[in-house]
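Just coords22.cif here, mmCIF, C-alpha atoms:
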```cif
data_structure
loop_
_atom_site.group_PDB
_atom_site.id
_atom_site.type_symbol
_atom_site.label_atom_id
_atom_site.label_comp_id
_atom_site.auth_asym_id
_atom_site.auth_seq_id
_atom_site.Cartn_x
_atom_site.Cartn_y
_atom_site.Cartn_z
ATOM 1 C CA MET A 535 41.527 -8.130 8.525
ATOM 2 C CA ALA A 536 40.579 -10.853 6.064
ATOM 3 C CA SER A 537 37.116 -10.865 4.530
ATOM 4 C CA PRO A 538 34.795 -13.893 4.515
ATOM 5 C CA VAL A 539 33.484 -12.913 1.083
ATOM 6 C CA ARG A 540 33.874 -15.729 -1.436
ATOM 7 C CA ILE A 541 34.896 -14.363 -4.839
ATOM 8 C CA GLY A 542 35.310 -16.051 -8.177
ATOM 9 C CA VAL A 543 37.341 -14.376 -10.944
ATOM 10 C CA VAL A 544 36.214 -15.663 -14.322
ATOM 11 C CA GLY A 545 38.819 -15.062 -17.015
ATOM 12 C CA ALA A 546 41.525 -15.122 -14.352
ATOM 13 C CA THR A 547 44.405 -15.854 -16.732
ATOM 14 C CA GLY A 548 43.801 -12.808 -18.955
ATOM 15 C CA ALA A 549 45.317 -9.341 -18.700
ATOM 16 C CA VAL A 550 42.422 -7.964 -16.623
ATOM 17 C CA GLY A 551 41.921 -11.159 -14.628
ATOM 18 C CA THR A 552 45.467 -11.225 -13.296
ATOM 19 C CA VAL A 553 45.194 -7.585 -12.191
ATOM 20 C CA THR A 554 41.841 -8.375 -10.563
ATOM 21 C CA LEU A 555 43.359 -11.135 -8.441
ATOM 22 C CA GLU A 556 46.247 -8.878 -7.441
ATOM 23 C CA LEU A 557 43.912 -6.086 -6.367
ATOM 24 C CA LEU A 558 41.628 -8.426 -4.450
ATOM 25 C CA ARG A 559 44.568 -9.689 -2.412
ATOM 26 C CA GLU A 560 45.717 -6.112 -1.784
ATOM 27 C CA ARG A 561 42.245 -5.270 -0.490
ATOM 28 C CA GLY A 562 42.185 -8.165 1.988
ATOM 29 C CA TYR A 563 40.139 -10.796 0.189
ATOM 30 C CA GLU A 564 41.436 -14.305 0.757
ATOM 31 C CA GLN A 565 38.641 -16.655 -0.287
ATOM 32 C CA LEU A 566 39.396 -16.441 -3.975
ATOM 33 C CA ARG A 567 38.868 -18.854 -6.845
ATOM 34 C CA ALA A 568 40.224 -18.530 -10.355
ATOM 35 C CA PHE A 569 38.198 -19.686 -13.369
ATOM 36 C CA ALA A 570 39.096 -19.778 -17.052
ATOM 37 C CA SER A 571 38.531 -21.855 -20.176
ATOM 38 C CA ALA A 572 39.139 -25.590 -20.329
ATOM 39 C CA ARG A 573 42.567 -25.101 -21.913
ATOM 40 C CA SER A 574 43.741 -23.111 -18.870
ATOM 41 C CA ALA A 575 42.225 -25.403 -16.251
ATOM 42 C CA GLY A 576 44.868 -26.827 -13.923
ATOM 43 C CA ARG A 577 47.278 -23.949 -14.435
ATOM 44 C CA MET A 578 48.603 -22.367 -11.243
ATOM 45 C CA LEU A 579 48.265 -18.644 -10.551
ATOM 46 C CA GLY A 580 50.393 -18.381 -7.448
ATOM 47 C CA GLU A 581 48.695 -20.657 -4.931
ATOM 48 C CA LEU A 582 45.429 -20.767 -6.902
ATOM 49 C CA GLU A 583 44.688 -23.612 -9.281
ATOM 50 C CA VAL A 584 42.620 -22.475 -12.237
ATOM 51 C CA GLU A 585 39.242 -24.173 -12.498
ATOM 52 C CA GLU A 586 37.232 -24.563 -15.672
ATOM 53 C CA ALA A 587 34.434 -21.999 -15.856
ATOM 54 C CA THR A 588 31.405 -24.233 -16.330
ATOM 55 C CA PRO A 589 27.737 -23.525 -15.614
ATOM 56 C CA GLU A 590 27.825 -26.222 -12.932
ATOM 57 C CA ALA A 591 30.813 -24.727 -11.109
ATOM 58 C CA LEU A 592 29.419 -21.199 -11.131
ATOM 59 C CA SER A 593 25.901 -22.139 -10.079
ATOM 60 C CA ALA A 594 26.948 -24.348 -7.150
ATOM 61 C CA GLY A 595 26.012 -21.696 -4.582
ATOM 62 C CA ASP A 596 29.425 -21.326 -2.944
ATOM 63 C CA LEU A 597 30.328 -17.862 -4.257
ATOM 64 C CA ASP A 598 29.174 -14.424 -3.103
ATOM 65 C CA VAL A 599 30.623 -12.514 -6.061
ATOM 66 C CA CYS A 600 31.722 -13.422 -9.582
ATOM 67 C CA LEU A 601 33.871 -10.940 -11.487
ATOM 68 C CA PHE A 602 33.756 -11.691 -15.212
ATOM 69 C CA SER A 603 36.534 -10.673 -17.616
ATOM 70 C CA VAL A 604 35.664 -12.848 -20.598
ATOM 71 C CA GLY A 605 34.210 -12.319 -24.045
ATOM 72 C CA THR A 606 30.635 -11.306 -24.715
ATOM 73 C CA SER A 607 29.391 -14.750 -25.752
ATOM 74 C CA ALA A 608 30.994 -16.441 -22.733
ATOM 75 C CA SER A 609 29.453 -13.847 -20.401
ATOM 76 C CA ARG A 610 26.005 -14.353 -21.890
ATOM 77 C CA GLU A 611 26.363 -18.087 -21.306
ATOM 78 C CA LEU A 612 27.901 -18.062 -17.819
ATOM 79 C CA VAL A 613 26.675 -14.964 -15.967
ATOM 80 C CA PRO A 614 23.087 -16.230 -15.505
ATOM 81 C CA HIS A 615 24.415 -19.410 -13.888
ATOM 82 C CA ALA A 616 26.458 -17.446 -11.347
ATOM 83 C CA VAL A 617 23.392 -15.362 -10.474
ATOM 84 C CA ALA A 618 21.263 -18.506 -10.203
ATOM 85 C CA GLY A 619 23.777 -19.769 -7.646
ATOM 86 C CA GLY A 620 23.241 -16.664 -5.520
ATOM 87 C CA ALA A 621 26.291 -14.628 -6.536
ATOM 88 C CA ILE A 622 26.441 -10.993 -7.548
ATOM 89 C CA ALA A 623 27.849 -10.955 -11.073
ATOM 90 C CA VAL A 624 29.908 -7.980 -12.249
ATOM 91 C CA ASP A 625 30.513 -8.339 -15.970
ATOM 92 C CA LYS A 626 33.248 -6.507 -17.905
ATOM 93 C CA SER A 627 32.115 -7.471 -21.400
ATOM 94 C CA SER A 628 29.578 -5.605 -23.527
ATOM 95 C CA ALA A 629 26.997 -8.356 -23.029
ATOM 96 C CA TYR A 630 24.842 -6.505 -20.489
ATOM 97 C CA ARG A 631 26.050 -2.897 -20.526
ATOM 98 C CA LEU A 632 23.182 -1.464 -22.539
ATOM 99 C CA GLN A 633 20.535 -3.945 -21.432
ATOM 100 C CA ASP A 634 17.514 -2.397 -19.738
ATOM 101 C CA GLY A 635 17.406 -3.143 -16.027
ATOM 102 C CA VAL A 636 21.156 -3.746 -15.736
ATOM 103 C CA PRO A 637 22.997 -0.854 -14.057
ATOM 104 C CA LEU A 638 26.136 0.327 -15.865
ATOM 105 C CA VAL A 639 28.178 1.704 -13.007
ATOM 106 C CA VAL A 640 31.126 3.938 -12.277
ATOM 107 C CA PRO A 641 30.924 4.238 -8.470
ATOM 108 C CA GLU A 642 32.186 7.831 -8.367
ATOM 109 C CA VAL A 643 29.630 8.857 -11.001
ATOM 110 C CA ASN A 644 26.424 6.858 -10.534
ATOM 111 C CA GLY A 645 26.973 4.520 -7.585
ATOM 112 C CA ASP A 646 23.413 5.227 -6.475
ATOM 113 C CA ARG A 647 22.174 3.058 -9.353
ATOM 114 C CA LEU A 648 23.371 -0.111 -7.638
ATOM 115 C CA ASP A 649 20.122 -0.709 -5.785
ATOM 116 C CA GLU A 650 18.363 -1.341 -9.100
ATOM 117 C CA HIS A 651 20.114 -4.605 -9.975
ATOM 118 C CA ASP A 652 18.745 -8.161 -10.083
ATOM 119 C CA GLY A 653 22.096 -9.846 -9.606
ATOM 120 C CA ILE A 654 23.877 -8.553 -12.706
ATOM 121 C CA LEU A 655 25.945 -5.364 -12.733
ATOM 122 C CA ALA A 656 27.817 -4.133 -15.790
ATOM 123 C CA ASN A 657 31.333 -2.692 -15.731
ATOM 124 C CA PRO A 658 31.710 -0.035 -18.459
ATOM 125 C CA ASN A 659 34.128 0.184 -21.342
ATOM 126 C CA CYS A 660 37.678 1.065 -20.288
ATOM 127 C CA CYS A 661 37.359 4.496 -21.935
ATOM 128 C CA ALA A 662 33.828 5.229 -20.695
ATOM 129 C CA ILE A 663 34.999 5.001 -17.074
ATOM 130 C CA PRO A 664 37.582 7.834 -17.194
ATOM 131 C CA LEU A 665 35.460 9.846 -19.628
ATOM 132 C CA THR A 666 32.402 9.894 -17.374
ATOM 133 C CA MET A 667 34.561 10.638 -14.341
ATOM 134 C CA ALA A 668 35.913 13.670 -16.196
ATOM 135 C CA LEU A 669 32.455 14.803 -17.354
ATOM 136 C CA LYS A 670 30.452 14.311 -14.151
ATOM 137 C CA PRO A 671 31.904 17.257 -12.147
ATOM 138 C CA LEU A 672 31.445 19.552 -15.150
ATOM 139 C CA HIS A 673 27.875 18.378 -15.658
ATOM 140 C CA ASP A 674 26.999 18.923 -11.995
ATOM 141 C CA ALA A 675 28.488 22.429 -12.045
ATOM 142 C CA ALA A 676 27.421 23.790 -15.425
ATOM 143 C CA GLY A 677 25.529 21.186 -17.462
ATOM 144 C CA LEU A 678 26.769 19.489 -20.626
ATOM 145 C CA ALA A 679 25.775 20.814 -24.034
ATOM 146 C CA ARG A 680 28.165 18.833 -26.250
ATOM 147 C CA VAL A 681 31.173 16.517 -25.962
ATOM 148 C CA ARG A 682 33.882 15.540 -28.423
ATOM 149 C CA VAL A 683 36.504 12.953 -27.518
ATOM 150 C CA SER A 684 39.463 11.310 -29.210
ATOM 151 C CA THR A 685 40.930 8.242 -27.522
ATOM 152 C CA TYR A 686 44.490 6.909 -27.581
ATOM 153 C CA GLN A 687 44.099 3.316 -26.421
ATOM 154 C CA SER A 688 46.931 1.008 -25.399
ATOM 155 C CA MET A 689 47.547 -2.515 -26.652
ATOM 156 C CA SER A 690 46.554 -4.050 -23.324
ATOM 157 C CA GLY A 691 42.975 -3.089 -24.155
ATOM 158 C CA ALA A 692 43.130 -5.677 -26.926
ATOM 159 C CA GLY A 693 44.436 -8.419 -24.635
ATOM 160 C CA ALA A 694 47.624 -10.105 -23.515
ATOM 161 C CA GLN A 695 48.475 -11.436 -26.992
ATOM 162 C CA ARG A 696 48.530 -7.935 -28.485
ATOM 163 C CA MET A 697 50.785 -6.800 -25.642
ATOM 164 C CA GLU A 698 53.244 -9.537 -26.551
ATOM 165 C CA GLU A 699 53.079 -8.511 -30.209
ATOM 166 C CA LEU A 700 53.996 -4.953 -29.257
ATOM 167 C CA ARG A 701 56.906 -6.134 -27.104
ATOM 168 C CA ALA A 702 58.221 -8.022 -30.134
ATOM 169 C CA THR A 703 57.776 -5.059 -32.498
ATOM 170 C CA ALA A 704 60.764 -2.889 -33.389
ATOM 171 C CA PRO A 705 60.097 0.752 -32.418
ATOM 172 C CA ALA A 706 60.431 1.892 -36.024
ATOM 173 C CA GLU A 707 57.704 -0.534 -37.050
ATOM 174 C CA ALA A 708 55.154 0.467 -34.403
ATOM 175 C CA HIS A 709 52.064 2.200 -35.760
ATOM 176 C CA LEU A 710 48.606 3.515 -34.950
ATOM 177 C CA ASP A 711 45.628 1.282 -35.635
ATOM 178 C CA MET A 712 41.845 1.185 -35.612
ATOM 179 C CA ASP A 713 41.232 -2.483 -34.978
ATOM 180 C CA TRP A 714 37.542 -2.620 -34.059
ATOM 181 C CA ASP A 715 34.572 -3.809 -36.097
ATOM 182 C CA PHE A 716 33.458 -1.145 -38.585
ATOM 183 C CA ASP A 717 29.899 -0.489 -39.768
ATOM 184 C CA GLY A 718 30.868 1.925 -42.526
ATOM 185 C CA GLU A 719 30.549 5.016 -40.350
ATOM 186 C CA ASP A 720 31.600 4.229 -36.773
ATOM 187 C CA PHE A 721 33.931 1.692 -35.263
ATOM 188 C CA GLU A 722 32.165 -0.491 -32.703
ATOM 189 C CA GLU A 723 34.315 1.028 -29.948
ATOM 190 C CA GLU A 724 33.108 4.513 -30.861
ATOM 191 C CA SER A 725 29.449 3.485 -30.762
ATOM 192 C CA LYS A 726 29.990 1.771 -27.403
ATOM 193 C CA LEU A 727 31.665 4.790 -25.873
ATOM 194 C CA ARG A 728 28.893 7.121 -27.023
ATOM 195 C CA ALA A 729 26.037 4.899 -25.840
ATOM 196 C CA GLU A 730 27.638 3.946 -22.520
ATOM 197 C CA THR A 731 28.509 7.544 -21.645
ATOM 198 C CA ARG A 732 24.909 8.574 -22.211
ATOM 199 C CA LYS A 733 23.629 5.734 -20.026
ATOM 200 C CA ILE A 734 26.082 6.292 -17.162
ATOM 201 C CA LEU A 735 25.386 10.031 -17.036
ATOM 202 C CA ASP A 736 21.645 9.490 -17.630
ATOM 203 C CA LEU A 737 21.805 11.933 -20.558
ATOM 204 C CA PRO A 738 20.270 9.925 -23.430
ATOM 205 C CA GLN A 739 20.305 12.852 -25.865
ATOM 206 C CA LEU A 740 23.818 14.142 -25.092
ATOM 207 C CA PRO A 741 25.545 15.129 -28.373
ATOM 208 C CA ILE A 742 28.859 13.279 -28.312
ATOM 209 C CA SER A 743 31.331 12.726 -31.133
ATOM 210 C CA VAL A 744 33.948 9.976 -30.741
ATOM 211 C CA THR A 745 37.104 8.904 -32.575
ATOM 212 C CA CYS A 746 39.008 5.899 -31.208
ATOM 213 C CA VAL A 747 42.616 5.013 -32.056
ATOM 214 C CA ARG A 748 44.907 2.194 -30.894
ATOM 215 C CA VAL A 749 48.437 3.402 -30.093
ATOM 216 C CA PRO A 750 51.737 1.529 -29.498
ATOM 217 C CA VAL A 751 51.618 1.867 -25.703
ATOM 218 C CA LEU A 752 51.536 -1.240 -23.504
ATOM 219 C CA VAL A 753 49.252 -0.017 -20.695
ATOM 220 C CA GLY A 754 47.343 3.206 -20.195
ATOM 221 C CA HIS A 755 44.514 4.756 -22.189
ATOM 222 C CA SER A 756 44.389 8.506 -22.829
ATOM 223 C CA GLU A 757 41.650 10.821 -24.065
ATOM 224 C CA ALA A 758 41.558 14.354 -25.428
ATOM 225 C CA ILE A 759 38.171 15.826 -24.514
ATOM 226 C CA TRP A 760 36.434 18.951 -25.801
ATOM 227 C CA VAL A 761 33.403 19.973 -23.729
ATOM 228 C CA GLU A 762 30.778 22.647 -24.237
ATOM 229 C CA THR A 763 28.895 23.405 -21.026
ATOM 230 C CA GLU A 764 25.430 24.910 -20.827
ATOM 231 C CA ASP A 765 26.565 27.604 -18.394
ATOM 232 C CA PRO A 766 29.917 29.401 -18.313
ATOM 233 C CA LEU A 767 32.615 27.542 -16.392
ATOM 234 C CA PRO A 768 36.103 29.079 -16.229
ATOM 235 C CA ALA A 769 39.007 26.668 -16.559
ATOM 236 C CA ALA A 770 40.256 27.632 -13.096
ATOM 237 C CA GLU A 771 36.939 26.564 -11.576
ATOM 238 C CA ALA A 772 37.014 23.309 -13.536
ATOM 239 C CA ARG A 773 40.489 22.579 -12.175
ATOM 240 C CA ALA A 774 39.229 23.268 -8.637
ATOM 241 C CA LEU A 775 36.367 20.822 -9.186
ATOM 242 C CA TYR A 776 38.805 18.126 -10.275
ATOM 243 C CA ALA A 777 41.133 18.827 -7.353
ATOM 244 C CA ASP A 778 38.266 17.986 -4.971
ATOM 245 C CA ALA A 779 36.759 15.091 -6.934
ATOM 246 C CA ARG A 780 36.978 11.549 -5.607
ATOM 247 C CA GLY A 781 39.089 9.197 -7.738
ATOM 248 C CA ILE A 782 40.712 11.997 -9.746
ATOM 249 C CA ARG A 783 44.286 13.290 -9.565
ATOM 250 C CA LEU A 784 44.872 16.690 -11.101
ATOM 251 C CA GLU A 785 48.174 16.977 -12.988
ATOM 252 C CA ASP A 786 49.697 19.538 -15.314
ATOM 253 C CA VAL A 787 50.379 16.988 -18.062
ATOM 254 C CA PRO A 788 48.731 13.565 -17.620
ATOM 255 C CA ARG A 789 50.643 10.752 -19.309
ATOM 256 C CA PRO A 790 49.649 7.085 -19.612
ATOM 257 C CA ARG A 791 52.983 5.957 -18.141
ATOM 258 C CA ASP A 792 52.215 7.996 -14.992
ATOM 259 C CA ALA A 793 48.765 6.392 -14.734
ATOM 260 C CA VAL A 794 50.092 2.812 -14.717
ATOM 261 C CA GLY A 795 49.525 1.288 -11.293
ATOM 262 C CA ALA A 796 47.439 4.253 -10.120
ATOM 263 C CA ASP A 797 43.906 3.911 -8.815
ATOM 264 C CA ASP A 798 43.068 7.492 -9.792
ATOM 265 C CA VAL A 799 42.153 8.916 -13.176
ATOM 266 C CA LEU A 800 44.701 11.581 -14.149
ATOM 267 C CA ILE A 801 43.247 14.832 -15.530
ATOM 268 C CA GLY A 802 45.130 17.894 -16.750
ATOM 269 C CA ARG A 803 45.686 20.369 -19.604
ATOM 270 C CA VAL A 804 42.402 21.944 -18.459
ATOM 271 C CA ARG A 805 41.957 25.137 -20.439
ATOM 272 C CA GLN A 806 39.383 27.247 -22.237
ATOM 273 C CA ASP A 807 38.381 26.316 -25.766
ATOM 274 C CA GLU A 808 38.101 29.721 -27.382
ATOM 275 C CA THR A 809 36.504 28.335 -30.575
ATOM 276 C CA VAL A 810 33.061 27.827 -28.979
ATOM 277 C CA PRO A 811 31.025 29.478 -26.225
ATOM 278 C CA ASN A 812 31.489 27.849 -22.814
ATOM 279 C CA GLY A 813 34.199 25.566 -24.170
ATOM 280 C CA LEU A 814 36.751 23.580 -22.185
ATOM 281 C CA VAL A 815 39.561 21.274 -23.317
ATOM 282 C CA LEU A 816 41.236 18.664 -21.130
ATOM 283 C CA PHE A 817 43.390 15.564 -21.303
ATOM 284 C CA VAL A 818 42.854 12.339 -19.366
ATOM 285 C CA ALA A 819 45.024 9.279 -18.689
ATOM 286 C CA CYS A 820 44.002 6.087 -16.906
ATOM 287 C CA ASP A 821 45.395 2.625 -16.234
ATOM 288 C CA ASN A 822 42.911 0.714 -18.380
ATOM 289 C CA LEU A 823 43.607 -2.614 -16.660
ATOM 290 C CA ARG A 824 43.200 -1.128 -13.184
ATOM 291 C CA LYS A 825 40.602 1.652 -12.812
ATOM 292 C CA GLY A 826 39.536 1.114 -16.412
ATOM 293 C CA ALA A 827 38.563 -2.488 -15.680
ATOM 294 C CA ALA A 828 39.554 -4.535 -12.608
ATOM 295 C CA LEU A 829 39.390 -1.891 -9.878
ATOM 296 C CA ASN A 830 36.107 -0.407 -11.070
ATOM 297 C CA ALA A 831 34.545 -3.891 -11.054
ATOM 298 C CA ILE A 832 35.788 -4.547 -7.524
ATOM 299 C CA GLN A 833 34.461 -1.185 -6.355
ATOM 300 C CA ILE A 834 31.072 -2.041 -7.871
ATOM 301 C CA ALA A 835 31.086 -5.377 -6.055
ATOM 302 C CA GLU A 836 32.033 -3.767 -2.752
ATOM 303 C CA LEU A 837 29.134 -1.318 -2.983
ATOM 304 C CA ALA A 838 26.761 -4.152 -3.837
ATOM 305 C CA LEU A 839 28.084 -6.285 -0.973
ATOM 306 C CA ARG A 840 27.648 -3.394 1.438
ATOM 307 C CA ALA A 841 24.040 -3.090 0.368
ATOM 308 C CA ARG A 842 23.642 -6.829 0.862
ATOM 309 C CA ALA A 843 25.356 -6.535 4.290
ATOM 310 C CA VAL A 844 28.149 -8.988 3.503
ATOM 311 C CA PRO A 845 31.225 -7.569 5.250
ATOM 312 C CA ALA A 846 34.085 -6.264 3.141
ATOM 313 C CA PRO A 847 37.621 -6.071 4.569
ATOM 314 C CA ALA A 848 38.472 -3.312 6.986
ATOM 315 C CA ARG A 849 40.393 -0.642 5.070
ATOM 316 C CA ALA A 850 43.357 1.247 6.451
#
```
Now, as a test, write the supplied structure out as structure tokens.
Amino acid sequence: MASPVRIGVVGATGAVGTVTLELLRERGYEQLRAFASARSAGRMLGELEVEEATPEALSAGDLDVCLFSVGTSASRELVPHAVAGGAIAVDKSSAYRLQDGVPLVVPEVNGDRLDEHDGILANPNCCAIPLTMALKPLHDAAGLARVRVSTYQSMSGAGAQRMEELRATAPAEAHLDMDWDFDGEDFEEESKLRAETRKILDLPQLPISVTCVRVPVLVGHSEAIWVETEDPLPAAEARALYADARGIRLEDVPRPRDAVGADDVLIGRVRQDETVPNGLVLFVACDNLRKGAALNAIQIAELALRARAVPAPARA
């Protein structure tokens, strides 16, 4: 059954935008509009003609939802206009994630925060989404005392151009990178992941150490996570928690290639960390364009629409 919800995808020609349109069609949304910069206006994405994302177009009052996958400065300029036009804006950039009064949402983790929004909802960093999904069941069961995480982030997280660069790179020339802004101590990505995880879990003092690395993989982010819980939690019980958790698929060895195209976050290698009391180690893989970005944003919008009583498509 088709949905009457009118949705605009801003940044529709980018790596996340194209996945967003694909997922929206899969989920039964038909009243879709594609927006991008002036240089992409007029381009065809299937049957959709790309429109220029201008304040006038987004504030016209003919959209119920706007899903933004653009840069921070563009989001700061355009999101308020979409909200002024009556749309719910779900923004993927870092523009609003840490702003007071703007919920930063992973539906499986803190979907109850959605009723606090004033039109703007923030979609977390593509590593914060799988990380918080991995931490939430452990926190609920035994509390979190400390977290350490090392990320292995694919080129698609840096955009379509970097994906093309990797495709053109000889395997022997591929390398690891740390290509984020650096303040002399942390890369910007590391600071984001720490701050966003604390906000999503509502644990502002959570000790969390982060190291982020870019790897020569096209799609799929991975994370090695070391957790210290407040109370003892055997690895077998942690695996049982993950087996029952919504949005998680328990695997022996999660790999980014196995996560591509999957809606679930893959979690495995769950074992005791014998170096600390109450320690656990696990490995996570996630399709960063799908659940790490586009799908999570759509799920946020669907929860917000449900609260606003705009019908979403009937699901099989």
Please report, as a tab-separated table, each residue of region 612-731 of chain A lying at most 7 Å from region 812-831 of chain A, together with the nearest pair of atoms and the separation in Å rounded to one decimal; use all atoms listed in the file, and order rows by chain and ascending residue number.
```
residue	atom	partner	partner_atom	distance
A:Val624	CA	A:Ala831	CA	6.3
A:Val640	CA	A:Asn830	CA	6.7
A:Asn657	CA	A:Ala831	CA	5.8
A:Cys660	CA	A:Gly826	CA	4.3
A:Cys661	CA	A:Gly826	CA	6.8
A:Ile663	CA	A:Gly826	CA	6.0
A:Pro664	CA	A:Cys820	CA	6.7
A:Gly691	CA	A:Asn822	CA	6.9
```
**Report entry** Among the residues A:Leu727, A:Ala623, A:Leu669, A:Ala774, the one that comes closest to Leu839 (chain A) [using only C-alpha atoms]
**Finding:**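 Of the candidates, the smallest distance to Leu839 (chain A) is held by A:Ala623.
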Residues within 8 Å of Glu642 (chain A), all atoms listed in the file, excluding chain neighbours under 6 positions, as a PyMOL selection string:
chain A and resi 667+780-781
Need the shell around region 607-619 of chain A: protein/DNA/RNA residues with any atom at most 10 Å away, counting all atoms listed in the file. Skip same-chain ones fewer than 2 positions apart. Format as a PyMOL selection string?
chain A and resi 542+544-545+571+587-605+621-630+652-654
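Across A:Arg680, A:Ala729, A:Val636, A:Gln687, the tightest approach to Pro741 (chain A) is made by A:Arg680 when counting only C-alpha atoms.
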Could you complete region 616-632 of chain A so that it carries N, CA, C and O atoms, and give it back as a PDB file, in the coordinates of the input?
```
ATOM      1  N   ALA A 616      25.914 -17.978 -12.595  1.00  0.00           N
ATOM      2  CA  ALA A 616      26.458 -17.446 -11.347  1.00  0.00           C
ATOM      3  C   ALA A 616      25.370 -16.771 -10.528  1.00  0.00           C
ATOM      4  O   ALA A 616      25.297 -16.945  -9.302  1.00  0.00           O
ATOM      5  N   VAL A 617      24.497 -16.029 -11.177  1.00  0.00           N
ATOM      6  CA  VAL A 617      23.392 -15.362 -10.474  1.00  0.00           C
ATOM      7  C   VAL A 617      22.419 -16.398  -9.918  1.00  0.00           C
ATOM      8  O   VAL A 617      21.925 -16.261  -8.788  1.00  0.00           O
ATOM      9  N   ALA A 618      22.155 -17.442 -10.683  1.00  0.00           N
ATOM     10  CA  ALA A 618      21.263 -18.506 -10.203  1.00  0.00           C
ATOM     11  C   ALA A 618      21.822 -19.175  -8.953  1.00  0.00           C
ATOM     12  O   ALA A 618      21.062 -19.656  -8.102  1.00  0.00           O
ATOM     13  N   GLY A 619      23.149 -19.202  -8.833  1.00  0.00           N
ATOM     14  CA  GLY A 619      23.777 -19.769  -7.646  1.00  0.00           C
ATOM     15  C   GLY A 619      23.842 -18.818  -6.470  1.00  0.00           C
ATOM     16  O   GLY A 619      24.408 -19.161  -5.425  1.00  0.00           O
ATOM     17  N   GLY A 620      23.302 -17.618  -6.626  1.00  0.00           N
ATOM     18  CA  GLY A 620      23.241 -16.664  -5.520  1.00  0.00           C
ATOM     19  C   GLY A 620      24.328 -15.618  -5.501  1.00  0.00           C
ATOM     20  O   GLY A 620      24.388 -14.809  -4.568  1.00  0.00           O
ATOM     21  N   ALA A 621      25.192 -15.600  -6.513  1.00  0.00           N
ATOM     22  CA  ALA A 621      26.291 -14.628  -6.536  1.00  0.00           C
ATOM     23  C   ALA A 621      25.860 -13.319  -7.191  1.00  0.00           C
ATOM     24  O   ALA A 621      24.956 -13.300  -8.038  1.00  0.00           O
ATOM     25  N   ILE A 622      26.506 -12.248  -6.803  1.00  0.00           N
ATOM     26  CA  ILE A 622      26.441 -10.993  -7.548  1.00  0.00           C
ATOM     27  C   ILE A 622      27.436 -11.107  -8.693  1.00  0.00           C
ATOM     28  O   ILE A 622      28.604 -11.436  -8.474  1.00  0.00           O
ATOM     29  N   ALA A 623      26.977 -10.865  -9.907  1.00  0.00           N
ATOM     30  CA  ALA A 623      27.849 -10.955 -11.073  1.00  0.00           C
ATOM     31  C   ALA A 623      28.162  -9.559 -11.578  1.00  0.00           C
ATOM     32  O   ALA A 623      27.260  -8.775 -11.868  1.00  0.00           O
ATOM     33  N   VAL A 624      29.462  -9.239 -11.668  1.00  0.00           N
ATOM     34  CA  VAL A 624      29.908  -7.980 -12.249  1.00  0.00           C
ATOM     35  C   VAL A 624      30.617  -8.333 -13.549  1.00  0.00           C
ATOM     36  O   VAL A 624      31.664  -8.986 -13.538  1.00  0.00           O
ATOM     37  N   ASP A 625      30.027  -7.908 -14.661  1.00  0.00           N
ATOM     38  CA  ASP A 625      30.513  -8.339 -15.970  1.00  0.00           C
ATOM     39  C   ASP A 625      31.225  -7.211 -16.695  1.00  0.00           C
ATOM     40  O   ASP A 625      30.712  -6.101 -16.807  1.00  0.00           O
ATOM     41  N   LYS A 626      32.431  -7.507 -17.226  1.00  0.00           N
ATOM     42  CA  LYS A 626      33.248  -6.507 -17.905  1.00  0.00           C
ATOM     43  C   LYS A 626      33.005  -6.473 -19.408  1.00  0.00           C
ATOM     44  O   LYS A 626      33.400  -5.529 -20.077  1.00  0.00           O
ATOM     45  N   SER A 627      32.332  -7.449 -19.958  1.00  0.00           N
ATOM     46  CA  SER A 627      32.115  -7.471 -21.400  1.00  0.00           C
ATOM     47  C   SER A 627      30.976  -6.521 -21.772  1.00  0.00           C
ATOM     48  O   SER A 627      30.348  -5.894 -20.912  1.00  0.00           O
ATOM     49  N   SER A 628      30.684  -6.451 -23.068  1.00  0.00           N
ATOM     50  CA  SER A 628      29.578  -5.605 -23.527  1.00  0.00           C
ATOM     51  C   SER A 628      28.236  -6.330 -23.509  1.00  0.00           C
ATOM     52  O   SER A 628      27.233  -5.781 -23.960  1.00  0.00           O
ATOM     53  N   ALA A 629      28.209  -7.539 -22.955  1.00  0.00           N
ATOM     54  CA  ALA A 629      26.997  -8.356 -23.029  1.00  0.00           C
ATOM     55  C   ALA A 629      25.785  -7.697 -22.387  1.00  0.00           C
ATOM     56  O   ALA A 629      24.665  -7.792 -22.896  1.00  0.00           O
ATOM     57  N   TYR A 630      25.976  -7.034 -21.255  1.00  0.00           N
ATOM     58  CA  TYR A 630      24.842  -6.505 -20.489  1.00  0.00           C
ATOM     59  C   TYR A 630      24.869  -4.989 -20.319  1.00  0.00           C
ATOM     60  O   TYR A 630      23.953  -4.427 -19.710  1.00  0.00           O
ATOM     61  N   ARG A 631      25.877  -4.322 -20.842  1.00  0.00           N
ATOM     62  CA  ARG A 631      26.050  -2.897 -20.526  1.00  0.00           C
ATOM     63  C   ARG A 631      24.857  -2.046 -20.918  1.00  0.00           C
ATOM     64  O   ARG A 631      24.479  -1.130 -20.178  1.00  0.00           O
ATOM     65  N   LEU A 632      24.281  -2.295 -22.056  1.00  0.00           N
ATOM     66  CA  LEU A 632      23.182  -1.464 -22.539  1.00  0.00           C
ATOM     67  C   LEU A 632      21.829  -2.137 -22.382  1.00  0.00           C
ATOM     68  O   LEU A 632      20.820  -1.650 -22.894  1.00  0.00           O
TER      69      LEU A 632
END
```
